Each structure stands twice: as C-alpha cells, then as structure tokens.
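Structure data follow from start28.tsv (TSV, C-alpha atoms):
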chain	number	residue	atom	x	y	z
A	1103	MET	CA	-4.56	8.75	-11.93
A	1104	ARG	CA	-7.61	9.90	-13.87
A	1105	ARG	CA	-11.21	9.80	-12.69
A	1106	LYS	CA	-13.97	10.56	-15.15
A	1107	HIS	CA	-17.10	12.55	-14.39
A	1108	THR	CA	-19.86	13.78	-16.66
A	1109	PHE	CA	-18.31	16.44	-18.94
A	1110	ILE	CA	-15.49	16.98	-16.48
A	1111	GLY	CA	-12.48	14.81	-15.60
A	1112	PHE	CA	-10.41	15.14	-12.47
A	1113	ALA	CA	-6.74	14.41	-12.23
A	1114	PHE	CA	-4.85	14.12	-9.00
A	1115	LEU	CA	-2.13	16.73	-9.10
A	1116	GLY	CA	-0.15	15.15	-6.33
A	1117	LEU	CA	0.75	15.04	-2.72
A	1118	LEU	CA	1.81	18.49	-1.63
A	1119	SER	CA	2.80	17.71	1.91
A	1120	VAL	CA	2.58	15.07	4.58
A	1121	SER	CA	3.45	15.93	8.16
A	1122	CYS	CA	3.82	13.45	10.96
A	1123	ALA	CA	4.19	13.83	14.69
A	1124	SER	CA	7.18	12.11	16.25
A	1125	THR	CA	6.76	8.67	17.82
A	1126	GLN	CA	8.27	7.33	21.02
A	1127	TYR	CA	8.64	3.78	19.72
A	1128	ALA	CA	11.62	2.39	17.81
A	1129	SER	CA	9.83	-0.46	16.07
A	1130	LYS	CA	6.40	-1.78	15.12
A	1131	ARG	CA	6.86	-4.71	17.47
A	1132	GLU	CA	7.30	-2.28	20.33
A	1133	ALA	CA	4.52	0.11	19.27
A	1134	PHE	CA	1.95	-2.56	18.40
A	1135	ALA	CA	2.97	-5.38	20.73
A	1136	GLY	CA	-0.53	-6.84	20.80
A	1137	MET	CA	-0.37	-7.58	17.07
A	1138	TYR	CA	2.76	-9.73	17.31
A	1139	GLY	CA	3.76	-12.71	19.43
A	1140	GLU	CA	3.15	-16.45	19.14
A	1141	ASN	CA	-0.55	-16.09	18.31
A	1142	PRO	CA	-0.95	-12.83	16.37
A	1143	PRO	CA	-4.51	-11.72	15.47
A	1144	VAL	CA	-5.96	-12.98	12.22
A	1145	SER	CA	-9.46	-11.52	11.86
A	1146	ILE	CA	-10.89	-8.02	12.16
A	1147	LEU	CA	-14.48	-6.90	12.60
A	1148	VAL	CA	-15.08	-3.33	11.43
A	1149	MET	CA	-17.46	-1.52	13.74
A	1150	PRO	CA	-19.81	1.18	12.40
A	1151	PRO	CA	-17.97	4.53	12.47
A	1152	ILE	CA	-18.71	7.02	15.22
A	1153	ASN	CA	-19.71	10.23	13.47
A	1154	THR	CA	-19.07	13.47	15.33
A	1155	SER	CA	-18.95	15.55	12.14
A	1156	THR	CA	-21.81	17.68	10.82
A	1157	SER	CA	-22.33	15.39	7.82
A	1158	VAL	CA	-25.18	12.92	8.32
A	1159	GLU	CA	-24.13	10.65	5.43
A	1160	ALA	CA	-20.48	10.35	6.50
A	1161	LYS	CA	-21.00	7.22	8.61
A	1162	ASP	CA	-22.39	5.03	5.84
A	1163	TYR	CA	-20.05	6.32	3.15
A	1164	PHE	CA	-16.95	5.78	5.24
A	1165	TYR	CA	-17.88	2.37	6.66
A	1166	TYR	CA	-17.71	0.61	3.30
A	1167	THR	CA	-14.21	1.94	2.51
A	1168	LEU	CA	-12.52	0.28	5.49
A	1169	SER	CA	-12.45	-3.41	4.56
A	1170	GLN	CA	-10.07	-3.30	1.60
A	1171	PRO	CA	-7.01	-1.71	3.26
A	1172	LEU	CA	-7.28	-4.18	6.15
A	1173	ALA	CA	-7.52	-7.12	3.76
A	1174	ASN	CA	-4.58	-5.76	1.77
A	1175	HIS	CA	-2.52	-5.99	4.96
A	1176	GLY	CA	-3.32	-9.69	5.27
A	1177	TYR	CA	-6.24	-9.84	7.70
A	1178	TYR	CA	-9.54	-11.65	7.34
A	1179	VAL	CA	-12.18	-8.91	7.39
A	1180	TYR	CA	-15.79	-9.83	8.07
A	1181	PRO	CA	-18.00	-8.81	5.11
A	1182	ALA	CA	-19.24	-5.27	5.63
A	1183	LEU	CA	-22.89	-5.72	4.65
A	1184	LEU	CA	-23.36	-8.95	6.63
A	1185	SER	CA	-21.57	-7.47	9.64
A	1186	MET	CA	-23.74	-4.36	9.58
A	1187	GLN	CA	-26.94	-6.40	9.43
A	1188	THR	CA	-25.81	-8.64	12.29
A	1189	LEU	CA	-24.74	-5.70	14.46
A	1190	GLN	CA	-28.09	-4.03	13.92
A	1191	THR	CA	-29.92	-7.25	14.79
A	1192	GLU	CA	-27.85	-7.65	17.96
A	1193	SER	CA	-28.41	-3.98	18.94
A	1194	ALA	CA	-24.68	-3.35	18.61
A	1195	TYR	CA	-24.86	-0.72	15.87
A	1196	ASP	CA	-23.83	2.16	18.12
A	1197	SER	CA	-20.08	1.81	18.49
A	1198	GLU	CA	-20.04	4.51	21.16
A	1199	MET	CA	-21.35	1.85	23.56
A	1200	PHE	CA	-18.34	-0.42	23.05
A	1201	ILE	CA	-15.30	1.65	22.12
A	1202	GLU	CA	-14.26	1.80	25.78
A	1203	GLY	CA	-16.35	-1.09	27.12
A	1204	ASP	CA	-16.28	-4.88	27.24
A	1205	ILE	CA	-15.86	-6.28	23.72
A	1206	SER	CA	-15.25	-9.94	24.59
A	1207	LYS	CA	-18.67	-10.95	23.26
A	1208	PHE	CA	-17.62	-9.91	19.75
A	1209	GLY	CA	-14.90	-12.53	19.99
A	1210	SER	CA	-17.32	-15.25	21.06
A	1211	THR	CA	-20.14	-14.22	18.70
A	1212	PHE	CA	-18.17	-13.39	15.56
A	1213	GLY	CA	-14.88	-15.13	16.29
A	1214	ALA	CA	-13.11	-11.83	15.66
A	1215	ASP	CA	-9.66	-11.30	17.12
A	1216	LEU	CA	-9.76	-7.52	16.67
A	1217	LEU	CA	-12.32	-4.73	16.45
A	1218	LEU	CA	-11.64	-1.60	14.42
A	1219	PHE	CA	-13.31	1.55	15.73
A	1220	THR	CA	-13.23	4.78	13.74
A	1221	THR	CA	-14.37	8.24	14.72
A	1222	ILE	CA	-15.12	10.76	11.97
A	1223	THR	CA	-14.23	14.16	13.40
A	1224	ASN	CA	-14.51	16.19	10.19
A	1225	TRP	CA	-16.25	15.54	6.85
A	1226	GLU	CA	-17.13	18.62	4.86
A	1227	LYS	CA	-16.83	20.50	1.60
A	1228	HIS	CA	-16.19	24.23	1.39
A	1229	GLY	CA	-17.35	25.42	-2.01
A	1230	VAL	CA	-16.30	29.05	-1.62
A	1231	ALA	CA	-12.99	28.26	0.05
A	1232	GLY	CA	-12.39	25.47	-2.44
A	1233	SER	CA	-11.53	22.56	-0.18
A	1234	VAL	CA	-12.62	19.15	1.06
A	1235	ASP	CA	-11.61	18.30	4.63
A	1236	VAL	CA	-11.73	14.94	6.37
A	1237	GLY	CA	-10.54	13.96	9.84
A	1238	VAL	CA	-10.63	10.40	11.19
A	1239	GLU	CA	-9.37	8.61	14.30
A	1240	TYR	CA	-8.62	4.87	14.08
A	1241	LEU	CA	-8.49	2.53	17.08
A	1242	ILE	CA	-8.06	-1.26	17.10
A	1243	ARG	CA	-8.79	-3.33	20.22
A	1244	SER	CA	-8.22	-6.99	21.03
A	1245	THR	CA	-11.38	-8.95	21.87
A	1246	SER	CA	-9.43	-11.34	24.08
A	1247	THR	CA	-7.61	-8.79	26.25
A	1248	GLY	CA	-9.60	-5.61	25.65
A	1249	ASP	CA	-6.32	-3.79	25.05
A	1250	THR	CA	-5.86	-1.09	22.42
A	1251	VAL	CA	-3.28	-2.55	20.03
A	1252	TYR	CA	-3.28	0.19	17.38
A	1253	LYS	CA	-4.23	3.85	17.43
A	1254	ARG	CA	-3.77	6.57	14.83
A	1255	LYS	CA	-5.25	9.85	13.62
A	1256	GLY	CA	-5.44	11.36	10.16
A	1257	THR	CA	-6.41	14.81	8.89
A	1258	PHE	CA	-6.73	15.46	5.19
A	1259	HIS	CA	-7.12	18.73	3.34
A	1260	TYR	CA	-7.87	18.59	-0.39
A	1261	ASN	CA	-7.46	21.87	-2.19
A	1262	THR	CA	-9.99	22.29	-5.01
A	1263	ALA	CA	-9.46	26.03	-5.55
A	1264	THR	CA	-8.82	27.14	-9.12
A	1265	GLN	CA	-5.54	29.00	-9.35
A	1266	GLY	CA	-5.03	32.18	-11.35
A	1267	SER	CA	-5.01	35.93	-11.07
A	1268	GLY	CA	-5.94	38.94	-13.12
A	1269	GLY	CA	-8.50	39.14	-15.89
A	1270	GLY	CA	-10.96	41.32	-14.01
A	1271	LEU	CA	-14.31	40.47	-12.51
A	1272	ILE	CA	-15.33	38.08	-15.28
A	1273	ALA	CA	-12.19	35.98	-14.85
A	1274	LEU	CA	-12.67	36.00	-11.09
A	1275	ALA	CA	-16.27	34.85	-11.48
A	1276	VAL	CA	-15.15	32.02	-13.78
A	1277	ARG	CA	-12.51	30.86	-11.28
A	1278	MET	CA	-15.04	30.93	-8.44
A	1279	ALA	CA	-17.56	28.95	-10.47
A	1280	THR	CA	-14.92	26.41	-11.48
A	1281	THR	CA	-13.84	26.01	-7.86
A	1282	ALA	CA	-17.44	25.43	-6.77
A	1283	ILE	CA	-17.90	22.75	-9.45
A	1284	LYS	CA	-14.66	20.99	-8.57
A	1285	THR	CA	-15.58	20.94	-4.89
A	1286	ALA	CA	-19.12	19.72	-5.55
A	1287	VAL	CA	-18.09	16.75	-7.68
A	1288	THR	CA	-15.17	15.63	-5.54
A	1289	ASP	CA	-16.00	12.06	-4.56
A	1290	TYR	CA	-16.11	11.53	-0.79
A	1291	VAL	CA	-15.57	7.79	-1.20
A	1292	SER	CA	-12.28	8.33	-3.02
A	1293	VAL	CA	-11.20	10.84	-0.38
A	1294	ALA	CA	-12.06	8.35	2.38
A	1295	ARG	CA	-10.06	5.61	0.64
A	1296	SER	CA	-7.07	7.94	0.47
A	1297	CYS	CA	-7.43	8.52	4.22
A	1298	ASN	CA	-7.37	4.81	4.91
A	1299	VAL	CA	-4.34	4.15	2.73
A	1300	MET	CA	-2.34	6.93	4.37
A	1301	VAL	CA	-3.29	6.23	7.99
A	1302	LEU	CA	-3.34	2.42	7.90
A	1303	GLY	CA	-0.17	2.23	5.83
A	1304	ASN	CA	1.93	1.21	8.84
A	1305	LEU	CA	-0.44	-1.53	10.04
A	1306	PRO	CA	1.55	-4.70	10.87
A	1307	ASN	CA	1.38	-7.44	8.25
A	1308	GLY	CA	-1.33	-10.01	8.90
A	1309	LYS	CA	-1.28	-13.78	8.43
A	1310	TYR	CA	-2.51	-13.78	4.85
A	1311	THR	CA	0.38	-11.70	3.53
A	1312	GLY	CA	2.59	-14.72	4.15
A	1313	ILE	CA	5.13	-12.51	5.92
A	1314	ALA	CA	3.40	-11.80	9.22
A	1315	GLY	CA	5.85	-10.66	11.87
A	1316	ALA	CA	8.61	-9.94	9.38
A	1317	ASP	CA	8.04	-6.19	9.66
A	1318	GLY	CA	8.44	-6.07	13.43
A	1319	ASP	CA	11.72	-4.18	13.32
A	1320	GLU	CA	10.41	-1.52	10.93
A	1321	SER	CA	9.64	2.01	12.08
A	1322	PRO	CA	6.05	2.34	13.30
A	1323	GLY	CA	5.78	5.81	11.79
A	1324	SER	CA	3.62	8.49	13.34
A	1325	ASP	CA	0.38	8.17	15.23
A	1326	ASN	CA	-0.81	11.46	13.76
A	1327	VAL	CA	-0.74	11.97	9.99
A	1328	SER	CA	-1.68	15.20	8.22
A	1329	MET	CA	-1.92	15.32	4.44
A	1330	LYS	CA	-2.50	18.10	1.94
A	1331	ALA	CA	-3.22	17.48	-1.72
A	1332	THR	CA	-4.55	19.32	-4.76
A	1333	TYR	CA	-6.95	18.50	-7.56
A	1334	PHE	CA	-7.15	20.30	-10.87
A	1335	LEU	CA	-9.63	20.23	-13.74
A	1336	ASP	CA	-8.64	18.19	-16.77
A	1337	TYR	CA	-10.83	19.14	-19.70
This structure in structure tokens:
Amino acid sequence: MRRKHTFIGFAFLGLLSVSCASTQYASKREAFAGMYGENPPVSILVMPPINTSTSVEAKDYFYYTLSQPLANHGYYVYPALLSMQTLQTESAYDSEMFIEGDISKFGSTFGADLLLFTTITNWEKHGVAGSVDVGVEYLIRSTSTGDTVYKRKGTFHYNTATQGSGGGLIALAVRMATTAIKTAVTDYVSVARSCNVMVLGNLPNGKYTGIAGADGDESPGSDNVSMKATYFLDY
C-alpha cells in the first residue's frame, strides 16, 4: 500500500507483531450478548472521543475516522458532522458526562440503538525515538438497557526509525534526520484508521451486512489488542 507525500512516499512495510490477551468467552454471542437476540441493534451514534492524551487535536482527528468501520460491519451510523453539531447544540458534547450515566435520551432523541464511546489514552509522535504511538479504548452501550455490550482496548506502536549502522557521524546524522522526517509526515488519520480496523475487527455483523447473527459462534477474539508495525521511506 503506497501513500504519496510531497517529495517523499511512504510504504507500509508490514505488520510485525500483534499480541492479544486471552478471553474468557467461547463465542461472540456469549461475549456480546446484547448485540444478538430477536431484536439486535441497528443504529450507532458515535460520541465525541474523550481525550486524555497530551495532544489537543487528537479528539477531532479521531472522531471522523470512526464511522466507516462501523458502517462496514453493517450498522447505520449517524453522520458525523450532523451528529457533532446536534450534540453541541444539546450541550452533550462532553462524553465524560454520559459514558457511565443515563443515555436513554439519546435513544429517544436520535433513535440510536447504541452509543460508541472512545477514550484516547495516547496520541503522540517521538521524532528522536522514531515512533508514533496511539492508544484507544472503545466502549459501546445500549440506549435501551444502559448495558455495555462491547468493550475493547488497542495500543499501536509505529516504528519510523531509519535502520542502519556504521558510516560515521555523517551517516548517523543522515539516519537521524530521515527518522525525524518520517515521523513528522506520518499521517495521524491513517494511523487512527488502522487502530479502528484492528480493534473493531471482531464487532458482530449488523443488519445491513445481510448476515447479522451468523457470526455468533465465532471466536470473540481479545479485548486487548497490541500492534507493532514499521514504515520505511520509498524514494
């Protein structure tokens, strides 16, 4: 997969490792019981992310990457821009107020079956170390019961360090400069999308896939995913 930048192209070298904590559930139907049954949820409202990282811009960047993976799993997702404007108008922009509180009014106001809450725990670039690190927690609650029906965490470490050894101080300086450039131009939006794909990959199929409920006997996977990947310069 190639992504073009001014004068410099990036290519994704590949997934180096993915580690997952063990799960106590044998199937998705058991792990995510609130997303199955006779009347499974159809619609999801994405709440503004809760940002506990040191990056001020993380909340807005990340918010607009969440709709697509949910829609790809067959759910109706309320349009991000319209939802944000409505939440701000209704003084419901601060998700911290609702993540553990009464959310029934979102069902009556929006008609949403589910609310997705996300908490950004880490969102930073390390130019000298040559890495981009993102940590996100995902939580989905039912507006009708208030129950948490899905919960997962993801931590992602992208290595942007330029490999090599020898060549003296000049070569070392070149590698350090290259690492700094690679880190600086790494696109946070693409990193966030990768997070969503990895963490939400085991989300139960929604109505609009046409096969809702058919995956109930599948393994639910882990509730804690850790991924490491590497980028390299492609001149």
Practice prompt. Enumerate, as a ChimeraX atom specification, the protein, DNA and RNA residues whose atoms approach (-8.1, 0.6, 23.1) to within 12 Å, taking into account all atoms listed in the file and the coordinate frame of the file.
Written response: /A:1134,1136,1200-1205,1216-1220,1239-1245,1247-1254
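Of the residues listed (A:Leu1183, A:Val1291, A:Val1234, A:Leu1172), A:Leu1172 shows the shortest atom-to-atom separation from Lys1309 of chain A; distances use all atoms listed in the file.
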Worksheet item: Hey, can you check how far atom CA of Ser1129 of chain A sits from atom CA of Ala1316 of chain A?
Response: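 Rounded to one decimal, the two atoms are 11.7 Å apart.
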Worksheet item: Separation of atom CA of Asp1235 of chain A and atom CA of Phe1258 of chain A, in Å?
Response: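 Atom-to-atom, atom CA of Asp1235 of chain A to atom CA of Phe1258 of chain A, that is 5.7 Å.
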Item to complete: Go ahead and compute the interatomic distance for atom CA of Asn1307 of chain A and atom CA of Asp1325 of chain A, in Å to one decimal.
Response: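 Result for atom CA of Asn1307 of chain A versus atom CA of Asp1325 of chain A: 17.1 Å, one decimal.
Considering the residues A:Ala1133, A:Ile1146, A:Ile1313, A:Ala1160 and counting all atoms listed in the file, Ala1182 of chain A has its shortest atom-to-atom contact with A:Ile1146.
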Worksheet item: Asn1141 of chain A: which residues within 12 Å, counting all atoms listed in the file, same-chain residues fewer than 6 positions away excluded, as a list in words?
Response: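 Everything that qualifies: Ala1135, Asp1215, Ser1246, Gly1308, Lys1309, Ala1314 and Gly1315 of chain A.
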Selected residues written out, C-alpha atoms, as a CSV table (one decimal), in the coordinates of the input:
chain,number,residue,atom,x,y,z
A,1135,ALA,CA,3.0,-5.4,20.7
A,1215,ASP,CA,-9.7,-11.3,17.1
A,1246,SER,CA,-9.4,-11.3,24.1
A,1308,GLY,CA,-1.3,-10.0,8.9
A,1309,LYS,CA,-1.3,-13.8,8.4
A,1314,ALA,CA,3.4,-11.8,9.2
A,1315,GLY,CA,5.8,-10.7,11.9
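Checking A:Ser1206, A:Gln1190, A:Ser1185, A:Asn1224 one by one against Tyr1166 of chain A, counting only C-alpha atoms, you find the shortest gap at A:Ser1185.
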Worksheet item: With all atoms listed in the file as the basis for distance, which of A:Asn1298, A:Ser1145, A:Ser1233, A:Thr1223 is at the shortest distance from Tyr1178 of chain A?
Response: A:Ser1145
Practice prompt. Could you check which of A:Tyr1260, A:Lys1161, A:His1175, A:Thr1167 is closest to Tyr1195 of chain A, using all atoms listed in the file?
Written response: A:Lys1161
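Minimum atom-to-atom distances from A:Pro1306, A:Gly1209, A:Asn1326, A:Met1186 to Val1238 of chain A were compared using all atoms listed in the file, and the lowest value belongs to A:Asn1326.
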Worksheet item: Near Asp1196 of chain A, counting all atoms listed in the file, which residues have an atom at most 10 Å away, once you skip same-chain residues fewer than 5 positions from it, shown as number ranges by chain?
Response: A: 1149-1152, 1189-1190, 1201
Fill in: Contacts of Pro1171 of chain A at 10 Å (only C-alpha atoms; same-chain gap of 5+ positions) as a VMD selection string
chain A and resid 1176 to 1177 1179 1295 1298 to 1303 1305
Worksheet entry | Spatial neighbours of Ala1128 of chain A, max dist 7 Å, only C-alpha atoms, sep filter under 2 positions, as a PyMOL selection string | chain A and resi 1126+1132+1321
